[in-house]
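Listing of target-v9.cif; format and content: mmCIF, C-alpha atoms.
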```
data_target
#
loop_
_atom_site.label_atom_id
_atom_site.label_comp_id
_atom_site.auth_asym_id
_atom_site.auth_seq_id
_atom_site.Cartn_x
_atom_site.Cartn_y
_atom_site.Cartn_z
CA PRO A 13 99.04 51.96 159.34
CA TYR A 14 102.51 52.15 160.91
CA GLY A 15 101.72 55.41 162.66
CA SER A 16 98.53 54.30 164.44
CA ARG A 17 100.16 52.82 167.55
CA ALA A 18 102.65 55.68 167.79
CA VAL A 19 99.81 58.22 167.58
CA LEU A 20 97.86 56.42 170.32
CA LYS A 21 100.92 56.28 172.58
CA PHE A 22 101.67 59.95 171.88
CA SER A 23 98.14 60.90 172.90
CA GLN A 24 98.38 58.70 176.00
CA TYR A 25 101.48 60.48 177.29
CA THR A 26 100.53 64.01 176.22
CA GLY A 27 96.76 64.04 176.75
CA ALA A 28 96.01 64.82 173.10
CA ASN A 29 93.00 63.48 171.19
CA ALA A 30 94.04 60.76 168.76
CA MET A 31 92.42 60.13 165.39
CA ALA A 32 94.25 56.94 164.44
CA GLY A 33 92.75 55.01 161.58
CA ARG A 34 90.37 56.31 158.94
CA TRP A 35 89.72 60.05 158.87
CA MET A 36 86.02 60.83 158.72
CA PRO A 37 85.37 63.66 156.24
CA GLY A 38 83.73 66.63 157.91
CA THR A 39 85.42 66.08 161.27
CA LEU A 40 86.74 69.66 161.30
CA THR A 41 84.10 71.36 159.13
CA ASN A 42 80.68 69.73 159.66
CA GLN A 43 79.31 70.85 163.03
CA ILE A 44 76.28 68.55 162.80
CA THR A 45 78.29 65.32 163.02
CA THR A 46 78.88 63.64 166.37
CA LYS A 47 82.65 63.44 165.71
CA TYR A 48 83.06 67.17 165.15
CA LEU A 49 86.29 68.52 166.65
CA GLU A 50 87.84 71.96 167.07
CA PRO A 51 91.51 71.26 167.79
CA ARG A 52 94.09 73.96 168.36
CA LEU A 53 96.75 71.99 166.44
CA LEU A 54 96.79 69.09 163.97
CA ILE A 55 99.76 66.71 163.72
CA VAL A 56 99.75 64.33 160.74
CA THR A 57 102.07 61.46 159.96
CA ASP A 58 101.94 61.69 156.17
CA SER A 59 100.66 64.72 154.32
CA ARG A 60 99.88 62.60 151.24
CA THR A 61 97.62 60.06 152.95
CA ASP A 62 96.13 62.65 155.33
CA SER A 63 95.25 65.13 152.57
CA GLN A 64 91.56 65.29 153.58
CA ALA A 65 92.50 66.29 157.13
CA LEU A 66 94.90 68.93 155.78
CA LYS A 67 92.23 70.39 153.51
CA GLU A 68 89.71 70.62 156.36
CA ALA A 69 92.33 72.16 158.66
CA SER A 70 93.01 74.86 156.08
CA TYR A 71 89.27 75.67 155.91
CA ALA A 72 89.12 75.98 159.72
CA ASN A 73 92.45 77.88 160.03
CA ILE A 74 94.00 75.18 162.21
CA PRO A 75 97.82 75.07 162.23
CA VAL A 76 99.29 71.82 160.90
CA ILE A 77 102.53 70.04 161.79
CA ALA A 78 103.39 67.21 159.39
CA LEU A 79 106.10 64.57 159.26
CA CYS A 80 107.28 65.01 155.68
CA ASP A 81 109.45 62.82 153.51
CA THR A 82 111.15 64.09 150.35
CA ASP A 83 108.09 63.24 148.22
CA SER A 84 105.45 64.70 150.56
CA PRO A 85 103.34 67.62 149.31
CA LEU A 86 103.64 70.71 151.52
CA GLU A 87 100.34 72.36 150.59
CA ASN A 88 98.40 73.41 153.71
CA VAL A 89 101.31 72.35 155.95
CA ASP A 90 102.49 75.05 158.35
CA ILE A 91 105.46 73.25 159.93
CA ALA A 92 107.16 70.37 158.16
CA ILE A 93 109.36 68.04 160.16
CA PRO A 94 111.73 66.39 157.67
CA ALA A 95 111.72 62.69 158.48
CA ASN A 96 111.24 59.22 157.11
CA ASN A 97 107.49 58.71 157.48
CA LYS A 98 107.42 55.31 155.76
CA GLY A 99 109.23 53.08 158.27
CA LYS A 100 107.60 51.91 161.48
CA GLU A 101 110.74 52.41 163.58
CA SER A 102 111.30 55.97 162.39
CA ILE A 103 107.65 56.96 162.93
CA ALA A 104 107.75 55.50 166.42
CA LEU A 105 110.97 57.33 167.23
CA LEU A 106 109.59 60.66 165.97
CA TYR A 107 106.41 60.43 168.04
CA TRP A 108 108.45 59.32 171.05
CA LEU A 109 110.67 62.39 170.65
CA LEU A 110 107.63 64.67 170.25
CA ALA A 111 105.97 63.19 173.34
CA ARG A 112 109.16 63.59 175.36
CA GLU A 113 109.56 67.20 174.21
CA VAL A 114 105.95 68.00 175.18
CA GLN A 115 106.68 66.54 178.62
CA TYR A 116 109.79 68.74 178.87
CA LEU A 117 107.91 71.89 177.81
CA ARG A 118 105.09 71.26 180.28
CA GLY A 119 107.57 70.79 183.09
CA THR A 120 106.36 67.30 184.01
CA LEU A 121 109.74 65.85 183.02
CA SER A 122 113.12 67.27 183.89
CA ARG A 123 115.72 67.55 181.14
CA ALA A 124 118.34 66.38 183.63
CA SER A 125 116.67 62.98 184.00
CA GLY A 126 115.89 60.54 181.22
CA TRP A 127 112.41 59.45 180.24
CA ASP A 128 111.77 55.92 181.47
CA ILE A 129 109.36 55.09 178.62
CA MET A 130 111.02 52.92 175.98
CA VAL A 131 110.76 53.70 172.27
CA ASP A 132 109.70 50.09 171.68
CA SER A 133 106.27 50.79 173.15
CA PHE A 134 105.61 53.20 170.24
CA PHE A 135 106.44 50.59 167.55
CA TRP A 136 103.66 49.33 165.34
CA ARG A 137 103.22 45.58 165.75
CA ASP A 138 101.80 43.35 163.07
CA PRO A 139 98.93 41.24 164.47
CA GLU A 140 100.02 38.20 162.42
CA GLU A 141 103.55 38.55 163.76
CA LEU A 142 102.21 38.63 167.32
CA GLU A 143 100.10 35.51 166.70
CA ASN A 144 103.12 33.65 165.32
CA LYS A 145 105.17 34.67 168.36
CA GLU A 146 102.43 33.45 170.72
CA GLU A 147 102.22 30.11 168.89
CA ALA A 148 105.99 29.69 169.16
CA GLN A 149 105.84 30.42 172.90
CA GLU A 150 103.04 27.87 173.33
CA GLU A 151 105.15 25.22 171.59
CA TRP A 152 108.03 25.90 173.98
CA ALA A 153 105.70 25.92 176.97
CA ALA A 154 104.08 22.58 176.02
CA PRO A 155 104.74 19.82 178.55
CA ALA A 156 107.75 17.69 177.70
CA LYS A 157 107.42 13.98 177.06
CA PRO A 158 108.19 11.86 180.13
CA ALA A 159 111.76 10.62 180.25
CA GLU A 160 112.28 7.05 179.19
CA ASP A 161 113.50 4.57 181.78
CA TRP A 162 116.79 3.28 180.38
CA SER A 163 117.42 0.93 183.27
CA ALA A 164 114.49 -1.29 182.37
CA LYS A 165 115.16 -4.17 180.01
CA ALA A 166 113.23 -3.86 176.78
CA GLY A 167 111.71 -7.04 175.38
CA GLY A 168 113.71 -9.39 177.60
CA GLU A 169 116.97 -8.52 175.86
CA SER A 170 120.14 -8.82 177.84
CA TRP A 171 123.23 -6.79 177.01
CA GLU A 172 125.38 -8.97 179.14
CA GLY A 173 127.54 -11.21 177.03
CA ALA A 174 126.54 -9.55 173.77
CA GLY A 175 130.18 -9.22 172.61
CA ALA A 176 132.06 -11.65 170.40
CA GLY A 177 131.93 -14.98 172.14
CA GLY A 178 130.09 -13.42 175.07
CA GLU A 179 133.30 -13.05 177.08
CA ALA A 180 134.62 -9.72 175.71
CA SER A 181 135.99 -7.24 178.21
CA TRP A 182 136.18 -3.51 177.66
CA ASP A 183 139.63 -3.45 179.24
CA ALA A 184 141.11 -5.98 176.80
CA PRO A 185 143.29 -4.65 173.95
CA ALA A 186 141.60 -4.35 170.58
CA THR A 187 142.22 -7.09 168.08
CA GLY A 188 142.77 -6.89 164.37
CA GLY A 189 144.38 -3.83 162.92
CA GLY A 190 143.78 -1.07 165.45
CA ALA A 191 146.22 -2.11 168.15
CA ASP A 192 149.14 0.11 167.11
CA ASP A 193 151.26 1.60 169.85
CA TRP A 194 150.68 5.33 169.58
CA SER A 195 153.42 6.23 172.05
CA ALA A 196 156.14 4.58 169.91
CA ALA A 197 158.56 6.73 167.85
CA PRO A 198 157.43 7.31 164.28
CA ALA A 199 158.81 5.01 161.63
CA ALA A 200 161.64 6.29 159.40
CA THR A 201 160.42 7.82 156.18
CA GLN A 202 161.38 6.31 152.84
CA GLU A 203 163.21 9.42 151.68
CA ALA A 204 165.47 11.26 154.05
CA GLY A 205 164.39 14.79 153.02
CA GLN A 206 160.68 14.19 153.39
CA ASN A 207 159.54 15.18 156.86
CA TRP A 208 155.91 16.08 156.61
#
```
Full structure transcribed into structure tokens:
Amino acid sequence: PYGSRAVLKFSQYTGANAMAGRWMPGTLTNQITTKYLEPRLLIVTDSRTDSQALKEASYANIPVIALCDTDSPLENVDIAIPANNKGKESIALLYWLLAREVQYLRGTLSRASGWDIMVDSFFWRDPEELENKEEAQEEWAAPAKPAEDWSAKAGGESWEGAGAGGEASWDAPATGGGADDWSAAPAATQEAGQNW
């Protein structure tokens, strides 16, 4: 399934006919069917999963280019492109490179200039992952709660005079244990050699 989006994007930029998804048996051999095709070239993502298409292409003498991993069977494959055909990023990159090369060979794209289409558009995207991303964006886009008014007095409480005795001042020195003078020189240690 990882190659379906890459195949569709490849066909979009090259003008090829895409057969992403399930391969209908008889597409290349049964002329009575409505989906009968006579392509000049067949490109497959995985020769193991697309074995039916490879078999039909061999019957119709259609050349086959396949993205092949180390465990891919090479029967009925004319040109094998050694590549990782299991990962979605590698499949997307391979089809992006093929599409770019077709553009170069046709002359629609100059080799001196880069192709402005990003590889990311060829990546296969999991529908569940996209739904989770949309839900997360909706949570962030939800309207925020109105800010509370901190200047209003809640329940008739008054903070004035709430200190000890009601007359405490913030500028007054602290009482009871924390009023040490921090700017004073440190007291002499008990042992003369201990200075840590």
Problem set entry | Point-to-point distance from atom CA of Leu40 of chain A to atom CA of Cys80 of chain A, Å rounded to tenths | 21.8 Å
Exercise. Rounded to one decimal in Å, what is the spacing between atom CA of Thr26 of chain A and atom CA of Arg112 of chain A?
Worked result: 8.7 Å
For this session: Determine, counting only C-alpha atoms, which protein, DNA and RNA residues have an atom within 12 Å of an atom of Gln64 of chain A; residues of the same chain fewer than 6 positions away are not included. Present the result as a ChimeraX atom specification.
Result: /A:34-41,56,58,70-71,87-88
Exercise. On this structure, which residues satisfy the PyMOL selection byres ((chain A and resi 131) around 9), written as a VMD selection string?
Worked result: chain A and resid 101 104 to 105 108 to 109 129 to 130 132 to 135
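Here the question is which of A:Val114, A:Ala28, A:Ala65, A:Ala92 gets nearest to Ile77 of chain A using all atoms listed in the file, and that residue is A:Ala92.
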Problem set entry | Result set of the PyMOL selection byres ((chain A and resi 55) around 8) on the coordinates above, as a ChimeraX atom specification | /A:53-54,56-57,76-78
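Take the candidates A:Leu79, A:Leu20, A:Leu117, A:Leu49 and check each one against Gly99 of chain A using only C-alpha atoms; the shortest distance goes to A:Leu79.
One distance worth recording is that between atom CA of Ser102 of chain A and atom CA of Thr82 of chain A, which is 14.5 Å.
Distances from A:Trp127, A:Leu110, A:Thr45, A:Ile103 to Phe22 of chain A were compared using all atoms listed in the file, and the smallest one belongs to A:Leu110.
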